[in-house]
file query_1.txt (compact mmCIF, C-alpha atoms)
# COMPACT_ATOMS: atom_id res chain seq x y z
CA MET A 1274 256.28 288.00 156.94
CA GLN A 1275 257.45 285.01 154.93
CA LEU A 1276 258.13 287.40 152.10
CA PHE A 1277 261.39 288.46 153.78
CA SER A 1278 262.38 284.90 154.71
CA TYR A 1279 263.13 284.23 151.06
CA ASN A 1280 265.12 287.45 150.63
CA ILE A 1281 262.70 288.88 148.09
CA PRO A 1282 263.36 292.63 147.62
CA ARG A 1283 260.65 294.78 149.19
CA ARG A 1284 259.62 296.40 145.93
CA SER A 1285 259.51 293.04 144.15
CA GLY A 1286 257.57 291.61 147.04
CA LEU A 1287 255.03 294.42 146.88
CA ILE A 1288 254.67 293.99 143.10
CA SER A 1289 254.16 290.27 143.60
CA ILE A 1290 251.52 290.85 146.25
CA THR A 1291 249.75 293.45 144.11
CA TYR A 1292 249.80 291.10 141.10
CA LEU A 1293 248.40 288.31 143.23
CA LEU A 1294 245.60 290.52 144.53
CA ILE A 1295 244.71 291.77 141.04
CA SER A 1296 244.70 288.21 139.72
CA SER A 1297 242.56 287.12 142.64
CA THR A 1298 240.16 289.99 141.99
CA ALA A 1299 239.78 288.97 138.34
CA TRP A 1300 239.11 285.39 139.38
CA VAL A 1301 236.49 286.51 141.90
CA VAL A 1302 234.75 288.69 139.27
CA GLN A 1303 234.57 285.74 136.90
CA ALA A 1304 233.36 283.55 139.72
CA GLY A 1305 230.78 286.21 140.57
CA ASN A 1306 229.43 286.10 137.01
CA ARG A 1307 229.16 282.31 137.19
CA GLN A 1308 227.54 282.65 140.59
CA GLU A 1309 224.92 285.03 139.19
CA TYR A 1310 223.83 282.43 136.66
CA GLN A 1311 223.81 279.82 139.41
CA TYR A 1312 221.55 282.06 141.51
CA ARG A 1313 219.15 282.28 138.60
CA ASP A 1314 219.15 278.53 138.01
CA ASP A 1315 218.63 277.86 141.71
CA ALA A 1316 215.85 280.43 141.86
CA ILE A 1317 214.00 278.84 138.92
CA GLU A 1318 214.47 275.31 140.25
CA ASN A 1319 213.33 276.18 143.74
CA LYS A 1320 210.62 278.63 142.65
CA LEU A 1321 212.38 281.55 144.30
CA ILE A 1322 211.85 284.10 141.52
CA CYS A 1323 210.97 287.46 143.03
CA ALA A 1324 207.99 289.59 142.16
CA SER A 1325 207.89 293.07 140.64
CA LYS A 1326 211.17 294.84 139.79
CA LEU A 1327 213.31 292.31 141.64
CA ALA A 1328 212.27 289.65 139.11
CA ASP A 1329 214.62 291.30 136.60
CA TYR A 1330 217.68 290.50 138.71
CA ALA A 1331 219.24 287.05 138.67
CA ALA A 1332 221.00 287.84 141.94
CA CYS A 1333 217.71 288.16 143.83
CA GLN A 1334 215.85 285.26 145.42
CA CYS A 1335 212.57 285.44 147.31
CA ASP A 1336 210.97 282.77 149.46
CA PRO A 1337 207.65 284.14 150.73
CA SER A 1338 206.80 280.98 152.69
CA ALA A 1339 209.96 281.35 154.80
CA GLY A 1340 209.87 285.14 154.72
CA GLU A 1341 213.42 285.26 153.34
CA TYR A 1342 214.58 287.67 150.63
CA SER A 1343 218.08 288.28 149.30
CA CYS A 1344 219.85 290.24 146.58
CA ILE A 1345 223.56 289.43 146.48
CA ASN A 1346 225.91 291.34 144.16
CA ALA A 1347 222.98 292.86 142.31
CA GLN A 1348 224.72 296.27 142.16
CA PHE A 1349 221.70 298.26 143.26
CA VAL A 1350 222.40 301.97 143.80
CA ASP A 1351 218.97 303.06 145.01
CA ALA A 1352 218.08 302.01 148.56
CA ASN A 1353 214.40 302.45 147.72
CA VAL A 1354 214.56 298.90 146.38
CA PHE A 1355 213.58 297.73 149.88
CA LEU A 1356 210.14 299.18 149.27
CA ASP A 1357 209.57 296.59 146.54
CA ILE A 1358 209.80 293.83 149.12
CA ALA A 1359 207.45 295.57 151.52
CA THR A 1360 204.97 296.29 148.70
CA ASN A 1361 204.86 292.75 147.31
CA TYR A 1362 205.22 290.58 150.41
CA LYS A 1363 203.43 290.55 153.73
CA TYR A 1364 205.62 288.10 155.67
CA ILE A 1365 209.19 289.42 155.94
CA LYS A 1366 211.50 287.63 158.37
CA SER A 1367 215.01 287.90 156.90
CA VAL A 1368 216.40 290.33 154.31
CA THR A 1369 219.93 290.26 152.86
CA PHE A 1370 221.24 292.92 150.49
CA HIS A 1371 224.96 292.28 150.09
CA GLY A 1372 227.36 293.57 147.45
CA ASN A 1373 225.47 296.63 146.23
CA ASN A 1374 226.33 300.31 146.03
CA PHE A 1375 223.81 302.24 148.09
CA GLN A 1376 226.21 304.74 149.73
CA ASP A 1377 223.31 306.37 151.57
CA LEU A 1378 220.50 304.63 153.41
CA THR A 1379 217.14 306.27 152.95
CA SER A 1380 216.14 309.20 155.16
CA THR A 1381 212.76 307.50 155.58
CA PRO A 1382 212.10 303.93 156.86
CA LEU A 1383 213.70 301.39 154.51
CA PHE A 1384 210.53 299.31 154.22
CA GLY A 1385 208.08 302.19 154.24
CA ALA A 1386 205.47 303.38 156.68
CA ASP A 1387 204.13 299.96 157.73
CA SER A 1388 205.69 298.26 160.73
CA GLN A 1389 207.65 295.09 159.87
CA ASN A 1390 206.93 293.20 163.09
CA SER A 1391 208.15 289.85 161.77
CA LEU A 1392 211.54 291.11 160.55
CA ILE A 1393 214.24 289.42 162.65
CA LYS A 1394 217.40 289.65 160.53
CA LEU A 1395 218.71 292.43 158.27
CA ASN A 1396 222.01 292.07 156.43
CA LEU A 1397 223.27 295.26 154.76
CA SER A 1398 226.91 294.24 154.43
CA ALA A 1399 229.29 295.24 151.63
CA ASN A 1400 227.13 297.97 150.15
CA TYR A 1401 229.60 300.89 150.32
CA ILE A 1402 227.28 302.58 152.81
CA VAL A 1403 228.64 305.93 154.02
CA ASN A 1404 225.64 307.62 155.66
CA LEU A 1405 223.28 305.65 157.88
CA ASN A 1406 220.39 308.15 158.26
CA SER A 1407 218.53 308.12 161.55
CA ASN A 1408 215.14 306.93 160.27
CA ALA A 1409 216.33 304.04 158.09
CA LEU A 1410 215.61 301.34 160.70
CA ARG A 1411 212.31 302.78 161.87
CA ASN A 1412 209.37 300.34 161.94
CA MET A 1413 211.57 297.29 162.70
CA PRO A 1414 210.69 296.87 166.39
CA ASN A 1415 211.61 293.17 166.66
CA LEU A 1416 214.87 293.14 164.70
CA GLN A 1417 217.39 290.87 166.45
CA VAL A 1418 220.33 290.62 164.02
CA LEU A 1419 221.83 293.57 162.11
CA ASP A 1420 224.89 293.25 159.89
CA ILE A 1421 226.39 296.47 158.49
CA SER A 1422 229.88 295.05 157.96
CA ASN A 1423 232.20 295.87 155.06
CA ASN A 1424 230.96 299.40 154.49
CA GLU A 1425 232.51 302.88 154.62
CA ILE A 1426 230.37 304.38 157.38
CA VAL A 1427 231.02 307.93 158.55
CA PHE A 1428 229.16 308.68 161.77
CA ARG A 1429 227.30 312.00 161.84
CA PRO A 1430 225.80 313.78 164.88
CA ARG A 1431 222.32 313.76 163.33
CA ASP A 1432 222.39 309.96 162.98
CA VAL A 1433 223.26 308.96 166.55
CA ASP A 1434 219.70 307.68 167.06
CA PHE A 1435 220.11 305.20 164.18
CA LEU A 1436 219.73 302.17 166.48
CA THR A 1437 216.99 303.53 168.75
CA HIS A 1438 214.33 301.87 166.58
CA THR A 1439 215.63 298.34 167.22
CA PRO A 1440 215.40 297.82 171.00
CA HIS A 1441 215.41 294.01 170.77
CA LEU A 1442 218.68 293.76 168.86
CA LYS A 1443 220.79 290.80 170.03
CA GLU A 1444 223.62 290.74 167.48
CA LEU A 1445 225.32 293.72 165.85
CA TYR A 1446 228.01 293.09 163.25
CA MET A 1447 230.18 296.04 162.25
CA ARG A 1448 233.17 294.16 160.84
CA ARG A 1449 235.24 296.54 158.68
CA ALA A 1450 232.29 298.91 158.83
CA PHE A 1451 234.22 302.17 159.05
CA THR A 1452 237.73 302.72 157.74
CA VAL A 1453 237.95 306.50 157.65
CA THR A 1454 241.32 307.55 159.09
CA ILE A 1455 240.53 311.19 159.87
CA ASN A 1456 238.88 312.45 163.07
CA ARG A 1457 238.99 308.96 164.58
CA THR A 1458 238.42 310.27 168.10
CA GLN A 1459 235.31 312.14 167.04
CA GLN A 1460 234.06 309.12 165.10
CA PHE A 1461 234.41 306.84 168.12
CA GLU A 1462 232.66 309.39 170.33
CA LEU A 1463 229.72 309.47 167.90
CA MET A 1464 229.64 305.69 167.70
CA LEU A 1465 229.60 305.41 171.48
CA GLU A 1466 226.83 308.01 171.69
CA MET A 1467 224.86 305.97 169.14
CA PHE A 1468 225.29 302.93 171.38
CA ARG A 1469 224.20 304.87 174.48
CA GLN A 1470 221.07 306.27 172.90
CA ALA A 1471 220.05 302.90 171.47
CA LYS A 1472 219.54 301.37 174.93
CA LEU A 1473 220.19 297.88 173.59
CA GLU A 1474 219.48 295.94 176.78
CA TYR A 1475 219.42 292.58 174.98
CA LEU A 1476 222.53 292.90 172.82
CA GLN A 1477 224.76 289.84 173.24
CA VAL A 1478 227.21 290.08 170.33
CA LEU A 1479 229.14 293.17 169.20
CA ASP A 1480 231.61 292.65 166.33
CA LEU A 1481 234.04 295.53 165.67
CA SER A 1482 236.80 293.48 164.05
CA TYR A 1483 238.88 294.61 161.05
CA ASN A 1484 238.33 298.32 161.66
CA PHE A 1485 241.96 299.50 162.04
CA ILE A 1486 241.17 300.51 165.64
CA HIS A 1487 244.14 301.69 167.71
CA THR A 1488 242.24 302.42 170.95
CA VAL A 1489 238.68 301.57 171.92
CA PRO A 1490 236.54 303.94 173.99
CA PHE A 1491 236.83 303.32 177.72
CA GLU A 1492 233.06 302.80 178.00
CA ILE A 1493 232.76 300.59 174.89
CA ALA A 1494 230.89 297.77 176.65
CA CYS A 1495 228.89 299.83 179.13
CA PRO A 1496 225.75 300.47 177.02
CA PHE A 1497 225.15 296.71 176.73
CA PRO A 1498 224.24 295.04 180.06
CA ALA A 1499 223.63 291.62 178.40
CA LEU A 1500 226.81 291.60 176.28
CA GLN A 1501 228.40 288.15 175.95
CA THR A 1502 230.84 288.54 173.04
CA LEU A 1503 233.01 291.51 172.08
CA ASP A 1504 234.99 290.85 168.91
CA LEU A 1505 237.95 293.18 168.32
CA ARG A 1506 240.10 290.93 166.15
CA GLN A 1507 242.41 292.24 163.45
CA ASN A 1508 242.82 295.79 164.68
CA PHE A 1509 245.91 297.83 165.62
CA MET A 1510 245.53 297.87 169.40
CA LYS A 1511 248.69 297.72 171.52
CA ASN A 1512 246.74 297.70 174.77
CA PHE A 1513 243.20 297.15 176.02
CA ILE A 1514 241.95 299.38 178.82
CA VAL A 1515 238.20 299.66 179.38
CA ASN A 1516 235.76 300.06 182.26
CA GLU A 1517 236.19 296.79 184.14
CA THR A 1518 232.72 296.87 185.66
CA CYS A 1519 231.19 296.75 182.19
CA ILE A 1520 232.97 293.56 181.08
CA LYS A 1521 232.65 291.52 184.27
CA ASP A 1522 229.89 289.35 182.75
CA VAL A 1523 231.25 289.19 179.20
CA LYS A 1524 232.22 285.62 178.26
CA THR A 1525 234.38 286.28 175.18
CA ILE A 1526 236.62 289.22 174.29
CA ASN A 1527 238.59 288.45 171.16
CA LEU A 1528 241.76 290.54 170.83
CA SER A 1529 243.57 288.23 168.43
CA ARG A 1530 245.69 289.58 165.58
CA ASN A 1531 246.22 293.01 167.07
CA GLN A 1532 249.59 294.51 168.03
CA LEU A 1533 249.75 293.18 171.57
CA HIS A 1534 253.41 292.23 171.51
CA VAL A 1535 253.51 292.41 175.31
CA ILE A 1536 250.80 292.46 177.98
CA SER A 1537 250.81 295.64 180.07
CA ASP A 1538 250.38 295.79 183.86
CA ASP A 1539 247.05 297.62 183.44
CA PHE A 1540 245.68 295.01 181.08
CA ARG A 1541 246.73 292.16 183.36
CA ALA A 1542 244.95 293.78 186.30
CA LEU A 1543 241.84 294.30 184.18
CA ALA A 1544 241.82 290.76 182.80
CA ASP A 1545 242.16 289.14 186.21
CA LYS A 1546 238.79 290.62 187.18
CA ALA A 1547 237.01 289.15 184.14
CA GLN A 1548 235.28 285.79 183.80
CA PRO A 1549 237.48 282.69 183.39
CA GLU A 1550 238.74 282.13 179.83
CA THR A 1551 237.29 285.42 178.62
CA PHE A 1552 240.19 286.61 176.48
CA LEU A 1553 241.47 285.29 173.16
CA LEU A 1554 244.97 286.69 172.66
CA ARG A 1555 246.56 285.22 169.55
CA ASN A 1556 249.10 287.94 168.80
CA LEU A 1557 252.71 288.26 167.70
CA PHE A 1558 254.31 288.15 171.13
CA TYR A 1559 257.87 289.25 171.83
CA CYS A 1560 259.83 287.11 174.28
CA ASP A 1561 263.02 288.47 175.82
CA CYS A 1562 264.42 289.39 179.23
CA ASN A 1563 261.74 292.12 179.58
CA SER A 1564 258.87 289.71 178.96
CA LYS A 1565 259.17 287.60 182.07
CA GLU A 1566 256.31 289.24 183.98
CA PHE A 1567 253.66 288.93 181.28
CA ILE A 1568 254.77 285.39 180.38
CA THR A 1569 254.48 284.37 184.03
CA TRP A 1570 251.05 286.00 184.16
CA ILE A 1571 249.78 284.20 181.03
CA ARG A 1572 250.78 280.90 182.58
CA SER A 1573 249.03 281.57 185.87
CA THR A 1574 245.91 283.53 184.92
CA LYS A 1575 242.52 281.89 184.41
CA SER A 1576 241.20 284.66 182.18
CA VAL A 1577 243.04 283.65 178.97
CA ARG A 1578 241.60 280.99 176.68
CA GLU A 1579 243.69 278.66 174.50
CA LYS A 1580 246.99 279.43 176.25
CA ASN A 1581 248.81 276.62 174.46
CA SER A 1582 248.23 278.35 171.11
CA LEU A 1583 250.26 281.40 172.16
CA VAL A 1584 253.84 281.46 170.89
CA CYS A 1585 256.88 283.72 170.77
CA GLU A 1586 256.81 285.33 167.33
CA ARG A 1587 260.16 286.97 168.08
CA ALA A 1588 262.58 285.98 170.77
CA SER A 1589 265.97 286.58 172.26
CA PRO A 1590 267.78 284.31 171.81
CA LYS A 1591 266.38 283.45 168.39
CA MET A 1592 266.30 279.75 169.16
CA TYR A 1593 263.04 280.36 171.05
CA VAL A 1594 261.16 281.85 168.09
CA GLY A 1595 258.01 279.76 167.74
CA ALA A 1596 258.25 278.38 171.27
CA ARG A 1597 255.03 278.14 173.21
CA ILE A 1598 254.73 280.83 175.83
CA ALA A 1599 253.55 278.17 178.24
CA GLU A 1600 256.85 276.32 177.80
CA VAL A 1601 259.60 278.83 176.89
CA PRO A 1602 262.32 278.81 179.63
CA ILE A 1603 262.02 282.25 181.19
CA ASN A 1604 265.42 282.13 182.86
CA LYS A 1605 267.11 281.66 179.48
CA LEU A 1606 265.54 284.66 177.77
CA THR A 1607 267.98 287.49 177.04
CA CYS A 1608 267.95 290.96 175.54
CA ASP A 1609 270.80 290.31 173.12
CA GLU A 1610 268.61 290.27 170.01
CA PRO A 1611 266.70 293.43 168.94
CA LEU A 1612 263.02 292.51 168.68
CA VAL A 1613 261.66 295.87 167.50
CA THR A 1614 261.85 296.30 163.74
CA SER A 1615 263.02 299.41 161.96
CA HIS A 1616 260.58 302.19 161.15
CA SER A 1617 260.62 301.47 157.43
CA TYR A 1618 260.08 297.74 157.97
CA SER A 1619 257.12 298.44 160.21
CA ASN A 1620 255.54 300.84 157.73
CA TYR A 1621 256.00 298.35 154.95
CA GLY A 1622 254.38 295.61 157.00
CA ASN A 1623 251.46 297.84 157.96
CA PHE A 1624 250.96 298.93 154.35
CA THR A 1625 251.00 295.35 153.11
CA ALA A 1626 248.55 294.28 155.81
CA LEU A 1627 246.24 297.17 154.97
CA LEU A 1628 246.43 296.42 151.25
CA ILE A 1629 245.62 292.75 151.69
CA ALA A 1630 242.85 293.40 154.23
CA PHE A 1631 241.25 296.09 152.08
CA CYS A 1632 241.28 294.00 148.90
CA LEU A 1633 240.03 290.83 150.53
CA PHE A 1634 237.18 292.46 152.40
CA SER A 1635 236.20 294.64 149.45
CA ILE A 1636 235.97 291.56 147.25
CA PHE A 1637 234.12 289.33 149.66
call {"tool": "encode", "arguments": {"input": "query_1.txt", "output": "structure tokens"}}
result
Amino acid sequence: MQLFSYNIPRRSGLISITYLLISSTAWVVQAGNRQEYQYRDDAIENKLICASKLADYAACQCDPSAGEYSCINAQFVDANVFLDIATNYKYIKSVTFHGNNFQDLTSTPLFGADSQNSLIKLNLSANYIVNLNSNALRNMPNLQVLDISNNEIVFRPRDVDFLTHTPHLKELYMRRAFTVTINRTQQFELMLEMFRQAKLEYLQVLDLSYNFIHTVPFEIACPFPALQTLDLRQNFMKNFIVNETCIKDVKTINLSRNQLHVISDDFRALADKAQPETFLLRNLFYCDCNSKEFITWIRSTKSVREKNSLVCERASPKMYVGARIAEVPINKLTCDEPLVTSHSYSNYGNFTALLIAFCLFSIF
């Protein structure tokens, strides 16, 4: 990090980062208050004032003609608020509830007993949701886009059929959706079982970025025969080994900003069987005398997109730090410089990254 380039002591650096984040949070809160008034002004000007209880909230806007309803940063704690929309409006196409504090989705259908056949998009991001509840999405047979990003989801065995009510889902966003650090293996098994039971034959986009994932399930892509994009950015993966038959038709697999400092033999073999330009691999690569094979592979393979953007974050000799992998002279790479940082340095970097990621995604 640039923090160390200026010889700032670690503790001072951490205090500076914390101060910056707190200051940024205060600014965002003030901006949020201004934004709330702006929502209200826009709603009045555009005749988007909601009916019933939602009319009391400046953060809510309703457009019955377009079938679009949103409540952003309204701080709702009761998920039964969705019933107000279903009670007062017949045409519901898109619903966004972002920045609330539901924690638990309802154990009954969110919009009640009537089927919402016109509902296409449901955004439930940043609501501190922990428990999904298996019946929450019932009566949404034509839902195509579901966003449950920026939550604190804990998968439970009784909720593995959560997605079985949305067979036409095309896009599923779970960016920073679950950050629990205990029982990770069990959590991934439950998530994969949820995917299997859902039978999402039309799903094209699966976003699992920013989830602190170290290893993805081997069958992660297998439940989705139409999958086109798998987004695994900003995780902690050091390798990527999955069932190759399940990604052969995937067009984009984004592994950028993970911990892929080198490319393993297994990963190279897997990637060579994928579609051309499938993989995005912007990572902090290490270039030394042991890196020759993966550098040669990156140059020759057709499966990696944007090759010219890949650089040596660390190198031996140091003169090649920042050099493009496509251009660094392989025969001049040595092992004279240690590229692996100390344990304490690594922990500090991980902690700082976690702190920044948590604060930024909690705020926005």
call {"tool": "residues_around", "arguments": {"input": "query_1.txt", "residues": "stretch 1434-1451 of chain A", "least_positions_apart": "6", "cutoff": "9 Å", "atoms": "only C-alpha atoms", "output": "PyMOL selection string"}}
result
chain A and resi 1393+1398-1399+1402-1403+1405-1428+1466-1468+1470-1485+1499-1500+1504-1505+1631+1634
call {"tool": "atom_distance", "arguments": {"input": "query_1.txt", "atom1": "atom CA of A:Cys1519", "atom2": "atom CA of A:Val1584"}}
result
29.6 Å
call {"tool": "atom_distance", "arguments": {"input": "query_1.txt", "atom1": "atom CA of A:Arg1555", "atom2": "atom CA of A:Val1489"}}
result
18.3 Å
call {"tool": "atom_distance", "arguments": {"input": "query_1.txt", "atom1": "atom CA of A:Glu1550", "atom2": "atom CA of A:Ser1529"}}
result
13.8 Å
call {"tool": "closest_residue", "arguments": {"input": "query_1.txt", "among": "A:Cys1585, A:Ile1358, A:Val1577, A:Cys1323", "to": "A:Ile1598", "atoms": "all atoms listed in the file"}}
result
A:Cys1585
call {"tool": "closest_residue", "arguments": {"input": "query_1.txt", "among": "A:Lys1326, A:His1371, A:His1534, A:Arg1429", "to": "A:Leu1463", "atoms": "only C-alpha atoms"}}
result
A:Arg1429
call {"tool": "residues_around", "arguments": {"input": "query_1.txt", "residues": "A:Lys1524", "least_positions_apart": "5", "cutoff": "7 Å", "atoms": "only C-alpha atoms", "output": "ChimeraX atom specification"}}
result
/A:1501-1502,1548,1551
call {"tool": "residues_around", "arguments": {"input": "query_1.txt", "residues": "A:Ser1576", "least_positions_apart": "3", "cutoff": "9 Å", "atoms": "all atoms listed in the file", "output": "compact mmCIF listing (two decimals) with C-alpha atoms, in the frame of the given file"}}
result
# COMPACT_ATOMS: atom_id res chain seq x y z
CA ALA A 1544 241.82 290.76 182.80
CA ASP A 1545 242.16 289.14 186.21
CA LYS A 1546 238.79 290.62 187.18
CA ALA A 1547 237.01 289.15 184.14
CA GLN A 1548 235.28 285.79 183.80
CA PRO A 1549 237.48 282.69 183.39
CA GLU A 1550 238.74 282.13 179.83
CA THR A 1551 237.29 285.42 178.62
CA PHE A 1552 240.19 286.61 176.48
CA ILE A 1571 249.78 284.20 181.03
call {"tool": "residues_around", "arguments": {"input": "query_1.txt", "residues": "stretch 1564-1567 of chain A", "least_positions_apart": "5", "cutoff": "7 Å", "atoms": "all atoms listed in the file", "output": "VMD selection string"}}
result
chain A and resid 1535 to 1536 1603
call {"tool": "closest_residue", "arguments": {"input": "query_1.txt", "among": "A:Ala1339, A:Ile1322, A:Val1350, A:Cys1344", "to": "A:Ser1391", "atoms": "all atoms listed in the file"}}
result
A:Ala1339
call {"tool": "closest_residue", "arguments": {"input": "query_1.txt", "among": "A:Trp1570, A:Asp1561, A:Ser1367, A:Arg1578", "to": "A:Val1594", "atoms": "only C-alpha atoms"}}
result
A:Asp1561
call {"tool": "residues_around", "arguments": {"input": "query_1.txt", "residues": "A:Asp1351", "least_positions_apart": "3", "cutoff": "8 Å", "atoms": "all atoms listed in the file", "output": "PyMOL selection string"}}
result
chain A and resi 1354+1374-1375
